[in-house]
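Read through the structure below, which is laid out as structure tokens, and then see the notes.
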Amino acid sequence: MNLMSINAFFVVFGVIMGIAVIAIFAFSFMLMFGTKTKAKLLSRQFKTLNDATGMSQNDMESMLTNLQNMSIRSRKKVLDENEETLKDMADANARINKDAVKTTAGAIKEGFVGNKVYCKHCGSSIDADSKFCKSCGKEQ
Ligand SMILES: [Zn+2]
């Protein structure tokens with residue numbers, strides 16, 4: 001086998017592997033989102049449940065509805081009972097975010113203005129490399 005045929009082998013192998021990967025992906029996609037496939041799987045699950053429990057489809061539907069209502073009611077109850085705490089948490093989050101935004105905005109502003117430091121004596125903003133404060137005149 002010379003170099004050309006080894007290369008050709010790898011090209012063919014790569015194409016076949018690519019097609020296989022795409023086919024597997026397409027198949028799982030169909031399985032996940034295909035309406036017909038979904039309906040078929042659902043009816044199979046229903047049949048299994050029906051065999052196991054003897055419940056009719058109506059019974060199951062009302063049971064599922066009740067379960068959903070229960071879950072919604074309990075979520076609403078949790079929200080109602082903890083309204084104050086949730087509000088406090090939201091406020092705290094807003095405060096934290098506000099401070100973070102302030103800090104970030106300040107950093108960006110400083111970045112635009114250039115390398116600034118503050119005078120050791122009077123605290124005014126001066127250039128980092130200046131030897132004397134231009135506000136109070138003292139040496140840095
Ligand atoms: Zn100064």
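Scheme for the structure tokens: letters A, B, ... for chains in order shown; per-chain residue numbers from 1; ligand numbers from 1 in order shown.
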
With the cut-off set at 7 Å and counting only C-alpha atoms and all ligand atoms, tabulate each residue of chain A with an atom at most that distance from an atom of ligand 1, showing the nearest atom pair and its distance in Å to one decimal, ordered by chain and increasing number, as JSON lines.
{"residue": "A:Cys119", "atom": "CA", "partner": "ligand 1", "partner_atom_place_in_ligand_line": "1 (Zn)", "distance": 4.6}
{"residue": "A:Lys120", "atom": "CA", "partner": "ligand 1", "partner_atom_place_in_ligand_line": "1 (Zn)", "distance": 6.5}
{"residue": "A:His121", "atom": "CA", "partner": "ligand 1", "partner_atom_place_in_ligand_line": "1 (Zn)", "distance": 5.0}
{"residue": "A:Cys122", "atom": "CA", "partner": "ligand 1", "partner_atom_place_in_ligand_line": "1 (Zn)", "distance": 4.0}
{"residue": "A:Gly123", "atom": "CA", "partner": "ligand 1", "partner_atom_place_in_ligand_line": "1 (Zn)", "distance": 5.8}
{"residue": "A:Ser124", "atom": "CA", "partner": "ligand 1", "partner_atom_place_in_ligand_line": "1 (Zn)", "distance": 5.7}
{"residue": "A:Cys133", "atom": "CA", "partner": "ligand 1", "partner_atom_place_in_ligand_line": "1 (Zn)", "distance": 4.5}
{"residue": "A:Lys134", "atom": "CA", "partner": "ligand 1", "partner_atom_place_in_ligand_line": "1 (Zn)", "distance": 6.7}
{"residue": "A:Ser135", "atom": "CA", "partner": "ligand 1", "partner_atom_place_in_ligand_line": "1 (Zn)", "distance": 5.0}
{"residue": "A:Cys136", "atom": "CA", "partner": "ligand 1", "partner_atom_place_in_ligand_line": "1 (Zn)", "distance": 4.1}
{"residue": "A:Gly137", "atom": "CA", "partner": "ligand 1", "partner_atom_place_in_ligand_line": "1 (Zn)", "distance": 6.1}
{"residue": "A:Lys138", "atom": "CA", "partner": "ligand 1", "partner_atom_place_in_ligand_line": "1 (Zn)", "distance": 5.9}

Selection from above, N, CA and C atoms, as a PDB file, in the first residue's frame, can you write it?
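Final output, saved to result.pdb:
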ATOM      1  N   CYS A 119      -3.749  62.116  45.331  1.00  0.00           N
ATOM      2  CA  CYS A 119      -2.730  62.799  46.136  1.00  0.00           C
ATOM      3  C   CYS A 119      -2.745  62.275  47.563  1.00  0.00           C
ATOM      4  N   LYS A 120      -1.540  62.016  48.093  1.00  0.00           N
ATOM      5  CA  LYS A 120      -1.428  61.487  49.460  1.00  0.00           C
ATOM      6  C   LYS A 120      -1.900  62.517  50.482  1.00  0.00           C
ATOM      7  N   HIS A 121      -1.863  63.792  50.118  1.00  0.00           N
ATOM      8  CA  HIS A 121      -2.124  64.855  51.080  1.00  0.00           C
ATOM      9  C   HIS A 121      -3.540  65.411  50.986  1.00  0.00           C
ATOM     10  N   CYS A 122      -3.976  65.732  49.756  1.00  0.00           N
ATOM     11  CA  CYS A 122      -5.299  66.342  49.648  1.00  0.00           C
ATOM     12  C   CYS A 122      -6.334  65.428  48.985  1.00  0.00           C
ATOM     13  N   GLY A 123      -5.865  64.369  48.372  1.00  0.00           N
ATOM     14  CA  GLY A 123      -6.799  63.400  47.800  1.00  0.00           C
ATOM     15  C   GLY A 123      -7.325  63.747  46.425  1.00  0.00           C
ATOM     16  N   SER A 124      -6.804  64.784  45.792  1.00  0.00           N
ATOM     17  CA  SER A 124      -7.302  65.071  44.440  1.00  0.00           C
ATOM     18  C   SER A 124      -6.673  64.119  43.427  1.00  0.00           C
ATOM     19  N   CYS A 133       1.659  67.362  43.457  1.00  0.00           N
ATOM     20  CA  CYS A 133       0.209  67.488  43.263  1.00  0.00           C
ATOM     21  C   CYS A 133      -0.083  68.825  42.605  1.00  0.00           C
ATOM     22  N   LYS A 134      -0.899  68.831  41.572  1.00  0.00           N
ATOM     23  CA  LYS A 134      -1.193  70.087  40.891  1.00  0.00           C
ATOM     24  C   LYS A 134      -2.259  70.876  41.647  1.00  0.00           C
ATOM     25  N   SER A 135      -2.856  70.243  42.695  1.00  0.00           N
ATOM     26  CA  SER A 135      -3.871  70.931  43.483  1.00  0.00           C
ATOM     27  C   SER A 135      -3.265  71.607  44.719  1.00  0.00           C
ATOM     28  N   CYS A 136      -2.504  70.814  45.528  1.00  0.00           N
ATOM     29  CA  CYS A 136      -1.928  71.389  46.753  1.00  0.00           C
ATOM     30  C   CYS A 136      -0.432  71.645  46.629  1.00  0.00           C
ATOM     31  N   GLY A 137       0.200  71.138  45.569  1.00  0.00           N
ATOM     32  CA  GLY A 137       1.611  71.414  45.308  1.00  0.00           C
ATOM     33  C   GLY A 137       2.591  70.596  46.110  1.00  0.00           C
ATOM     34  N   LYS A 138       2.095  69.680  46.980  1.00  0.00           N
ATOM     35  CA  LYS A 138       3.003  68.891  47.804  1.00  0.00           C
ATOM     36  C   LYS A 138       3.620  67.737  47.012  1.00  0.00           C
TER      37      LYS A 138
END

Residues of chain A classed as helix (DSSP H, G or I) by DSSP on the backbone are to be reported as a VMD selection string.
chain A and resid 3 to 33 35 to 53 57 to 81 83 to 113

Test item, strand (DSSP E or B) assignment across chain A, answer as JSON, numbers by chain
{"A": [116, 117, 118, 125, 126, 127, 132, 139]}

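The shortest atom-to-atom distance to A:Ser43, with only C-alpha atoms taken into account, belongs to A:Gln57 out of A:Gln57, A:Met30, A:Lys131, A:Ala8.
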
Near A:Val117, within 8 Å and counting only C-alpha atoms, which residues show up once chain neighbours fewer than 3 positions away are dropped, as a PyMOL selection string?
chain A and resi 125-128

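Straight-line separation from atom CA of A:Asn93 to atom CA of A:Glu110: 25.5 Å.
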
With distances taken over only C-alpha atoms, which residue among A:Arg95, A:Lys38, A:Lys47, A:Arg73 lies nearest A:Met60?
A:Lys47

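As for atom CA of A:Phe46 and atom CA of A:Leu67, they are spaced 16.9 Å apart.
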
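The space between atom CA of A:Ser62 and atom CA of A:Leu31 spans 27.3 Å.
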